[in-house]
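Chemist: For reference, this is protein.txt, and it has compact mmCIF, C-alpha atoms and all ligand atoms.
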# COMPACT_ATOMS: atom_id res chain seq x y z
CA MET C 3 0.00 0.00 0.00
CA PRO C 4 1.62 3.26 -1.13
CA LYS C 5 1.68 5.98 1.48
CA HIS C 6 1.36 9.73 1.21
CA PHE C 7 3.99 11.77 3.02
CA LEU C 8 4.43 15.48 3.62
CA MET C 9 8.02 16.75 3.77
CA CYS C 10 9.77 20.12 4.04
CA ARG C 11 13.12 20.76 2.31
CA PRO C 12 15.70 21.96 4.87
CA ASP C 13 16.39 25.19 2.94
CA HIS C 14 16.58 27.17 6.19
CA PHE C 15 17.98 24.40 8.39
CA THR C 16 20.51 25.36 11.05
CA VAL C 17 21.15 24.65 14.72
CA ALA C 18 20.41 28.11 16.09
CA TYR C 19 19.02 27.21 19.52
CA ALA C 20 19.05 24.18 21.83
CA ILE C 21 15.70 22.69 22.81
CA ASN C 22 16.89 19.10 23.15
CA PRO C 23 20.23 17.55 24.22
CA TRP C 24 21.27 16.76 20.63
CA MET C 25 21.44 20.44 19.66
CA ASP C 26 24.64 22.46 20.02
CA PRO C 27 24.40 25.92 18.41
CA GLU C 28 28.19 26.36 18.79
CA ALA C 29 28.84 23.28 16.69
CA GLY C 30 26.10 24.14 14.19
CA ALA C 31 25.35 22.01 11.14
CA ASP C 32 26.09 22.05 7.42
CA ARG C 33 22.92 23.00 5.54
CA ASP C 34 24.13 21.77 2.14
CA VAL C 35 24.91 18.34 3.57
CA ALA C 36 21.51 18.32 5.31
CA ILE C 37 19.75 19.12 2.04
CA ARG C 38 21.65 16.38 0.20
CA GLN C 39 20.82 13.82 2.89
CA TRP C 40 17.17 14.90 2.96
CA GLU C 41 16.98 14.56 -0.85
CA GLY C 42 18.29 11.02 -0.39
CA LEU C 43 15.48 10.21 2.04
CA LYS C 44 12.84 11.63 -0.30
CA ALA C 45 14.30 9.61 -3.20
CA VAL C 46 14.05 6.39 -1.17
CA TYR C 47 10.36 7.02 -0.46
CA GLU C 48 9.69 7.70 -4.12
CA SER C 49 11.62 4.61 -5.21
CA LEU C 50 9.36 2.57 -2.91
CA GLY C 51 6.29 3.98 -4.66
CA HIS C 52 5.20 6.41 -1.94
CA GLN C 53 3.85 9.85 -2.79
CA VAL C 54 5.73 12.83 -1.35
CA SER C 55 4.08 16.25 -1.12
CA LEU C 56 6.07 19.29 -0.09
CA ILE C 57 5.34 22.26 2.14
CA GLU C 58 7.15 25.54 1.48
CA PRO C 59 9.96 26.04 4.05
CA VAL C 60 9.72 29.31 6.02
CA GLU C 61 12.78 31.44 6.69
CA GLY C 62 13.56 31.73 10.41
CA LEU C 63 12.08 28.29 11.18
CA PRO C 64 15.19 26.06 11.07
CA ASP C 65 13.38 23.01 12.50
CA MET C 66 10.52 23.11 9.99
CA VAL C 67 12.24 20.25 8.12
CA PHE C 68 10.88 18.03 10.91
CA ALA C 69 7.48 17.68 9.28
CA ALA C 70 6.35 14.91 11.63
CA ASN C 71 5.81 17.60 14.26
CA GLY C 72 3.50 19.63 12.04
CA ALA C 73 0.25 17.76 12.72
CA LEU C 74 -1.39 14.39 13.36
CA VAL C 75 -3.46 13.12 10.45
CA ALA C 76 -5.75 10.09 10.82
CA GLY C 77 -8.83 9.14 8.81
CA GLY C 78 -8.27 12.24 6.71
CA ARG C 79 -8.76 14.52 9.74
CA VAL C 80 -6.01 16.86 10.89
CA TYR C 81 -5.26 17.60 14.53
CA GLY C 82 -3.01 20.67 14.51
CA ALA C 83 0.26 20.98 16.40
CA ARG C 84 0.88 23.48 19.19
CA PHE C 85 4.59 23.62 19.95
CA ALA C 86 6.09 23.57 23.45
CA PHE C 87 8.89 26.04 22.61
CA PRO C 88 8.28 29.51 21.14
CA GLU C 89 11.16 28.98 18.68
CA ARG C 90 8.96 26.52 16.79
CA GLY C 91 5.59 28.14 17.51
CA PRO C 92 4.84 29.48 14.00
CA GLU C 93 5.27 26.02 12.48
CA GLY C 94 1.89 24.90 13.87
CA PRO C 95 -0.20 27.44 11.91
CA ALA C 96 2.03 27.00 8.82
CA TYR C 97 1.37 23.25 8.66
CA LEU C 98 -2.31 23.64 9.56
CA ARG C 99 -2.74 26.13 6.72
CA TRP C 100 -1.28 23.62 4.27
CA PHE C 101 -4.04 21.19 5.20
CA THR C 102 -6.96 23.64 5.46
CA GLU C 103 -6.09 25.11 2.04
CA ARG C 104 -6.50 21.61 0.66
CA GLY C 105 -9.87 21.09 2.31
CA TYR C 106 -8.94 18.73 5.13
CA PRO C 107 -11.24 18.89 8.18
CA SER C 108 -9.00 20.11 10.97
CA LEU C 109 -8.82 21.20 14.58
CA GLU C 110 -6.57 23.90 15.99
CA ALA C 111 -5.29 22.34 19.23
CA SER C 112 -5.96 23.96 22.62
CA HIS C 113 -3.19 21.93 24.22
CA VAL C 114 0.54 21.57 23.62
CA ASN C 115 1.32 18.74 21.23
CA GLU C 116 4.01 18.14 18.62
CA GLY C 117 2.05 16.17 16.05
CA GLU C 118 3.39 12.83 14.90
CA GLY C 119 6.51 13.41 16.96
CA ASP C 120 4.42 12.26 19.92
CA PHE C 121 1.44 10.53 18.24
CA LEU C 122 1.95 7.25 16.39
CA THR C 123 -1.08 5.70 14.72
CA LEU C 124 -1.68 1.93 14.69
CA ASP C 125 -4.74 0.08 13.36
CA GLU C 126 -6.73 0.15 16.61
CA VAL C 127 -5.03 2.76 18.79
CA ILE C 128 -2.89 5.85 18.70
CA LEU C 129 0.18 5.71 20.94
CA ALA C 130 0.94 9.09 22.50
CA GLY C 131 4.09 10.31 24.23
CA THR C 132 4.26 12.77 27.09
CA GLY C 133 6.90 13.93 29.57
CA PHE C 134 8.87 16.45 27.52
CA ARG C 135 6.69 18.07 24.88
CA THR C 136 3.12 16.88 24.40
CA ASP C 137 0.63 17.47 27.21
CA THR C 138 -1.68 14.61 28.22
CA ALA C 139 -4.63 17.01 27.75
CA ALA C 140 -3.75 16.92 24.05
CA HIS C 141 -3.99 13.11 24.12
CA GLN C 142 -7.64 13.50 25.25
CA GLU C 143 -8.29 16.23 22.73
CA ALA C 144 -6.93 14.08 19.88
CA GLN C 145 -8.99 11.09 21.03
CA GLU C 146 -12.21 13.16 21.01
CA PHE C 147 -11.47 14.74 17.64
CA LEU C 148 -10.31 11.59 15.87
CA GLY C 149 -12.58 9.07 17.59
CA ARG C 150 -9.72 6.66 18.18
CA PRO C 151 -8.42 5.38 21.51
CA VAL C 152 -5.24 7.16 22.56
CA VAL C 153 -2.81 5.38 24.89
CA THR C 154 -0.52 7.61 26.96
CA LEU C 155 3.14 6.59 27.29
CA ARG C 156 5.53 8.48 29.55
CA LEU C 157 9.02 9.33 28.29
CA VAL C 158 11.76 9.73 30.91
CA ASP C 159 15.08 10.28 29.09
CA PRO C 160 15.61 13.81 27.66
CA ARG C 161 17.55 12.42 24.68
CA PHE C 162 14.32 10.67 23.68
CA TYR C 163 12.07 13.68 24.05
CA HIS C 164 9.50 12.68 21.42
CA LEU C 165 7.79 9.29 21.22
CA ASP C 166 9.10 8.85 17.67
CA THR C 167 12.69 8.92 18.95
CA ALA C 168 12.03 5.83 21.11
CA LEU C 169 9.43 3.77 19.24
CA PHE C 170 8.18 3.11 15.72
CA PRO C 171 5.30 1.04 14.34
CA LEU C 172 6.47 -1.97 12.30
CA ASP C 173 2.94 -2.25 10.88
CA GLY C 174 -0.55 -1.51 12.20
CA ARG C 175 -0.20 -4.01 15.06
CA ASN C 176 3.36 -4.22 16.29
CA VAL C 177 6.19 -1.87 17.22
CA ALA C 178 9.92 -1.61 17.88
CA TYR C 179 11.05 0.41 20.91
CA TYR C 180 13.79 1.23 23.38
CA PRO C 181 12.49 0.25 26.83
CA ALA C 182 14.75 2.53 28.90
CA ALA C 183 13.20 5.63 27.30
CA PHE C 184 9.91 4.88 29.10
CA SER C 185 8.68 5.01 32.69
CA GLU C 186 8.29 1.66 34.48
CA GLY C 187 4.49 1.79 34.12
CA SER C 188 4.65 2.59 30.43
CA ARG C 189 7.12 -0.25 29.90
CA GLN C 190 4.56 -2.60 31.42
CA VAL C 191 1.89 -1.21 29.10
CA LEU C 192 4.16 -1.77 26.11
CA ARG C 193 4.95 -5.33 27.20
CA ARG C 194 1.23 -6.11 27.52
CA MET C 195 0.23 -4.52 24.24
CA PHE C 196 3.18 -5.77 22.17
CA PRO C 197 4.55 -9.09 23.45
CA GLU C 198 6.19 -9.64 20.04
CA ALA C 199 7.83 -6.20 19.84
CA VAL C 200 11.37 -5.67 18.63
CA LEU C 201 13.45 -4.31 21.54
CA ALA C 202 16.26 -1.98 20.56
CA SER C 203 19.60 -1.62 22.34
CA ALA C 204 20.97 1.62 23.81
CA ALA C 205 23.49 1.81 20.96
CA ASP C 206 20.75 1.67 18.31
CA ALA C 207 18.58 4.18 20.19
CA GLU C 208 21.54 6.57 20.57
CA VAL C 209 21.88 6.91 16.80
CA LEU C 210 18.11 7.56 16.57
CA GLY C 211 17.59 4.11 15.06
CA LEU C 212 14.02 4.10 16.35
CA ASN C 213 13.19 7.20 14.37
CA ALA C 214 12.32 4.92 11.47
CA VAL C 215 9.48 4.69 8.94
CA SER C 216 7.84 1.40 8.02
CA ASP C 217 5.21 0.71 5.36
CA GLY C 218 4.72 -2.80 6.70
CA THR C 219 7.22 -4.28 4.24
CA ASN C 220 10.01 -1.72 3.89
CA ILE C 221 11.71 0.04 6.77
CA VAL C 222 13.64 3.28 6.22
CA ILE C 223 16.12 3.64 9.06
CA ASN C 224 19.29 5.51 10.05
CA SER C 225 22.27 3.67 8.58
CA GLU C 226 24.19 3.58 11.89
CA ALA C 227 21.58 1.42 13.67
CA GLY C 228 23.33 -1.85 12.81
CA ASP C 229 21.92 -4.41 15.25
CA LEU C 230 18.39 -3.16 14.83
CA GLN C 231 18.70 -3.52 11.06
CA LEU C 232 19.86 -7.12 11.47
CA GLU C 233 16.92 -7.96 13.72
CA LEU C 234 14.45 -6.32 11.33
CA LYS C 235 15.87 -8.31 8.42
CA ARG C 236 15.64 -11.47 10.51
CA ARG C 237 11.93 -10.70 10.94
CA GLY C 238 11.51 -10.48 7.18
CA TYR C 239 11.50 -6.71 6.57
CA GLU C 240 13.28 -5.02 3.67
CA VAL C 241 15.64 -2.56 5.32
CA HIS C 242 16.58 0.71 3.59
CA PRO C 243 19.38 2.49 5.48
CA VAL C 244 19.64 6.26 5.02
CA GLU C 245 22.34 8.71 6.07
CA LEU C 246 20.85 11.67 7.98
CA SER C 247 23.76 12.52 10.29
CA GLU C 248 23.47 16.27 9.68
CA LEU C 249 19.83 16.40 10.72
CA ARG C 250 20.64 14.35 13.80
CA LYS C 251 22.59 17.41 15.00
CA ALA C 252 19.15 18.92 15.62
CA GLY C 253 17.85 15.69 17.16
CA GLY C 254 16.03 14.39 14.09
CA GLY C 255 16.02 11.31 11.86
CA PRO C 256 13.99 9.87 8.97
CA LYS C 257 10.66 9.78 10.79
CA CYS C 258 11.05 13.36 12.07
CA CYS C 259 11.30 14.52 8.45
CA THR C 260 8.11 12.69 7.50
CA LEU C 261 4.46 13.47 8.23
CA GLU C 262 2.13 10.71 7.10
CA ILE C 263 -1.08 11.92 5.53
CA ARG C 264 -3.45 9.12 6.44
CA GLY C 265 -6.65 9.03 4.44
CA GLU C 266 -9.93 7.36 5.29
CA ASN C 267 -9.29 4.02 6.98
N1 LIG Y 1 15.08 20.22 16.91
C1 LIG Y 1 13.78 19.66 16.86
C2 LIG Y 1 13.11 19.78 18.22
O1 LIG Y 1 13.78 19.59 19.20
C3 LIG Y 1 13.83 18.22 16.42
C4 LIG Y 1 12.49 17.63 16.20
C5 LIG Y 1 12.56 16.19 15.77
N2 LIG Y 1 11.30 15.71 15.40
C6 LIG Y 1 10.75 14.57 15.83
N3 LIG Y 1 9.64 14.18 15.30
N4 LIG Y 1 11.31 13.85 16.79
O2 LIG Y 1 11.93 20.06 18.33
Using structure tokens, write down the structure from this file.

Modeler:
Amino acid sequence: MPKHFLMCRPDHFTVAYAINPWMDPEAGADRDVAIRQWEGLKAVYESLGHQVSLIEPVEGLPDMVFAANGALVAGGRVYGARFAFPERGPEGPAYLRWFTERGYPSLEASHVNEGEGDFLTLDEVILAGTGFRTDTAAHQEAQEFLGRPVVTLRLVDPRFYHLDTALFPLDGRNVAYYPAAFSEGSRQVLRRMFPEAVLASAADAEVLGLNAVSDGTNIVINSEAGDLQLELKRRGYEVHPVELSELRKAGGGPKCCTLEIRGEN
């Protein structure tokens, strides 16, 4: 099943502020390398038959490349993002406008949430992160608006500040995750819900290996996450490693750059 993704070219990408432990404004990042790596990611999606739409990058919003944070889209309905840090604030309305201009039913959020960074949609439930960015009140708001059960998971390690840095859906029913990123209670929830989950090591999590995108057959994943790739192959997935080291300097990987536009389902 081909997917539809929204992406934002990193034309204005830079590390200008630090809102997560990966970011070091002194060290900065090379924009040209970031653009080249991002083009590589987009090309992989297209080679797999997925459709990529683009949103116009906005000057002064260096993190706008991380499209996953722009909204949560499920069943063709768009729950808008409301960013925790003022540096990223204007991205919420920019992404929401993209959708409203195209006629998507949408809701401007009353509560802080960073879109698909903290909301991951499975067949029956939406998994939702909290602890660093997204407020649990937004979990409720999304549940009401989308009519899907939302399961709260608590993140405890600041390096894994968004749910999509610590967990990714393998398909509509199963996930891969890094247990130590979650509170004890949330780890129990994950064990109950996903007894067959792929558990990632610290080394794989530390290269943002869990910030991956699966279409159920193919998995696009940071090239450095070696053991995780082996395990995914062992489970029968086609693994497509990508090099996104420059974007990791802002704390992002393949999934962060990718907002899935989910239609009716
Ligand atoms: N610098 C960005 C931030 O800290 C990175 C966002 C990464 N996006 C994601 N979906 N995890 O907000």

Chemist: Give me, as a PDB file with C-alpha atoms, keeping the file's coordinate frame, the set of residues whose atoms come within 6 Å of any atom of ligand LIG 1 (chain Y), counting all atoms listed in the file.

Modeler:
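Generated output (selection-v2.pdb):
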ATOM      1  CA  ILE C  21      15.700  22.690  22.810  1.00  0.00           C
ATOM      2  CA  ASN C  22      16.890  19.100  23.150  1.00  0.00           C
ATOM      3  CA  ASP C  65      13.380  23.010  12.500  1.00  0.00           C
ATOM      4  CA  PHE C  68      10.880  18.030  10.910  1.00  0.00           C
ATOM      5  CA  ALA C  70       6.350  14.910  11.630  1.00  0.00           C
ATOM      6  CA  ASN C  71       5.810  17.600  14.260  1.00  0.00           C
ATOM      7  CA  GLY C 119       6.510  13.410  16.960  1.00  0.00           C
ATOM      8  CA  HIS C 164       9.500  12.680  21.420  1.00  0.00           C
ATOM      9  CA  ASP C 166       9.100   8.850  17.670  1.00  0.00           C
ATOM     10  CA  THR C 167      12.690   8.920  18.950  1.00  0.00           C
ATOM     11  CA  ALA C 252      19.150  18.920  15.620  1.00  0.00           C
ATOM     12  CA  GLY C 253      17.850  15.690  17.160  1.00  0.00           C
ATOM     13  CA  GLY C 254      16.030  14.390  14.090  1.00  0.00           C
ATOM     14  CA  CYS C 258      11.050  13.360  12.070  1.00  0.00           C
TER      15      CYS C 258
END

Chemist: Name the residues in contact with Ala182 (chain C) at a cut-off of 10 Å, using all atoms listed in the file, excluding same-chain residues fewer than 2 positions from it; report them as a PyMOL selection string.

Modeler: chain C and resi 157-159+162+168+179-180+184-186+189+202-204+207

Chemist: How would the residues just chosen look if you wrote them out with C-alpha atoms as a compact mmCIF listing (two decimals), in the coordinates of the input?

Modeler:
# COMPACT_ATOMS: atom_id res chain seq x y z
CA LEU C 157 9.02 9.33 28.29
CA VAL C 158 11.76 9.73 30.91
CA ASP C 159 15.08 10.28 29.09
CA PHE C 162 14.32 10.67 23.68
CA ALA C 168 12.03 5.83 21.11
CA TYR C 179 11.05 0.41 20.91
CA TYR C 180 13.79 1.23 23.38
CA PHE C 184 9.91 4.88 29.10
CA SER C 185 8.68 5.01 32.69
CA GLU C 186 8.29 1.66 34.48
CA ARG C 189 7.12 -0.25 29.90
CA ALA C 202 16.26 -1.98 20.56
CA SER C 203 19.60 -1.62 22.34
CA ALA C 204 20.97 1.62 23.81
CA ALA C 207 18.58 4.18 20.19

Chemist: Just give me the gap between CA of Leu249 (chain C) and CA of Ala20 (chain C) in Å, one decimal is fine.

Modeler: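 Calculated distance between CA of Leu249 (chain C) and CA of Ala20 (chain C) is 13.6 Å.
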
Chemist: Of the residues C:Arg135, C:Arg161, C:Lys235, C:Arg38, which is the one nearest to Trp24 (chain C), using all atoms listed in the file?

Modeler: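 Answer, going by the shortest atom-to-atom distance: C:Arg161.
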
Chemist: As a PyMOL selection string, please: the residues near Leu165 (chain C) (cut-off 8 Å, all atoms listed in the file, same-chain neighbours under 4 positions excluded).

Modeler: chain C and resi 119-122+130-132+157+169

Chemist: Export C-alpha atoms of the chosen residues as a CSV table (one decimal), in the coordinates of the input?

Modeler:
chain,number,residue,atom,x,y,z
C,119,GLY,CA,6.5,13.4,17.0
C,120,ASP,CA,4.4,12.3,19.9
C,121,PHE,CA,1.4,10.5,18.2
C,122,LEU,CA,2.0,7.2,16.4
C,130,ALA,CA,0.9,9.1,22.5
C,131,GLY,CA,4.1,10.3,24.2
C,132,THR,CA,4.3,12.8,27.1
C,157,LEU,CA,9.0,9.3,28.3
C,169,LEU,CA,9.4,3.8,19.2

Chemist: When you count only C-alpha atoms, which of these residues is closest to Phe147 (chain C): C:Ala96, C:Val80, C:Leu56, C:Ile223?

Modeler: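 Among C:Ala96, C:Val80, C:Leu56, C:Ile223, it is C:Val80 that comes nearest to Phe147 (chain C).
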
Chemist: Between CA of Pro256 (chain C) and CA of His242 (chain C), what is the distance in Å, rounded to a tenth?

Modeler: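 Interatomic distance, CA of Pro256 (chain C) to CA of His242 (chain C): 10.9 Å.
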
Chemist: One decimal, Å: what's the distance from CA of Gln231 (chain C) over to CA of Ala73 (chain C), could you say?

Modeler: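 CA of Ala73 (chain C) lies at a distance of 28.2 Å from CA of Gln231 (chain C).
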
Chemist: Tell me, as a list in words, which residues lie within 7 Å of Glu266 (chain C), counting all atoms listed in the file; anything in the same chain fewer than 2 positions away does not count.

Modeler: Gly77, Gly78 and Arg264 of chain C

Chemist: Closest to Ser108 (chain C) among C:Leu148, C:Ile37, C:Val127, C:Ala140, using only C-alpha atoms?

Modeler: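 Closest to Ser108 (chain C) of all the choices is C:Leu148.
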
Chemist: Need the shell around Ser225 (chain C): protein/DNA/RNA residues with any atom at most 6 Å away, counting only C-alpha atoms. Skip same-chain ones fewer than 3 positions apart. Format as a list in words?

Modeler: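 Non-adjacent residues within range: Pro243, Val244 and Glu245 of chain C.
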
Chemist: Next, write the just-selected residues to a file, as a PDB file, in the frame of the given file, keeping C-alpha atoms as the atom set.

Modeler:
ATOM      1  CA  PRO C 243      19.380   2.490   5.480  1.00  0.00           C
ATOM      2  CA  VAL C 244      19.640   6.260   5.020  1.00  0.00           C
ATOM      3  CA  GLU C 245      22.340   8.710   6.070  1.00  0.00           C
TER       4      GLU C 245
END

Chemist: Might I get the box with edges along x, y and z of the file that holds all atoms of region 72-85 of chain C listed there, padded by 8 Å on every side, given as centre and edge lengths in Å to one decimal, as JSON?

Modeler:
{"center_x": -2.1, "center_y": 16.4, "center_z": 13.3, "size_x": 29.4, "size_y": 30.5, "size_z": 29.2}

Chemist: Pick out the residues sitting within 10 Å of Leu234 (chain C), and hand them over as a PyMOL selection string; count all atoms listed in the file, and ignore anything fewer than 2 positions along from it in its own chain.

Modeler: chain C and resi 172+178+200+220-221+229-232+236-241

Chemist: When you count all atoms listed in the file, which of these residues is closest to Ala69 (chain C): C:Tyr163, C:Tyr106, C:Tyr19, C:Tyr97?

Modeler: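 Counting all atoms listed in the file, the residue closest to Ala69 (chain C) is C:Tyr97.
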
Chemist: Between C:Ala139, C:Ala111, C:Val17, C:Val222, single out the one closest to Cys259 (chain C), counting all atoms listed in the file.

Modeler: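 Under the stated criterion, the closest residue is C:Val222.
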
Chemist: Smallest atom-to-atom distance to Gly51 (chain C): which of C:Glu208, C:Glu126, C:Glu118, C:Asp217, using all atoms listed in the file?

Modeler: C:Asp217
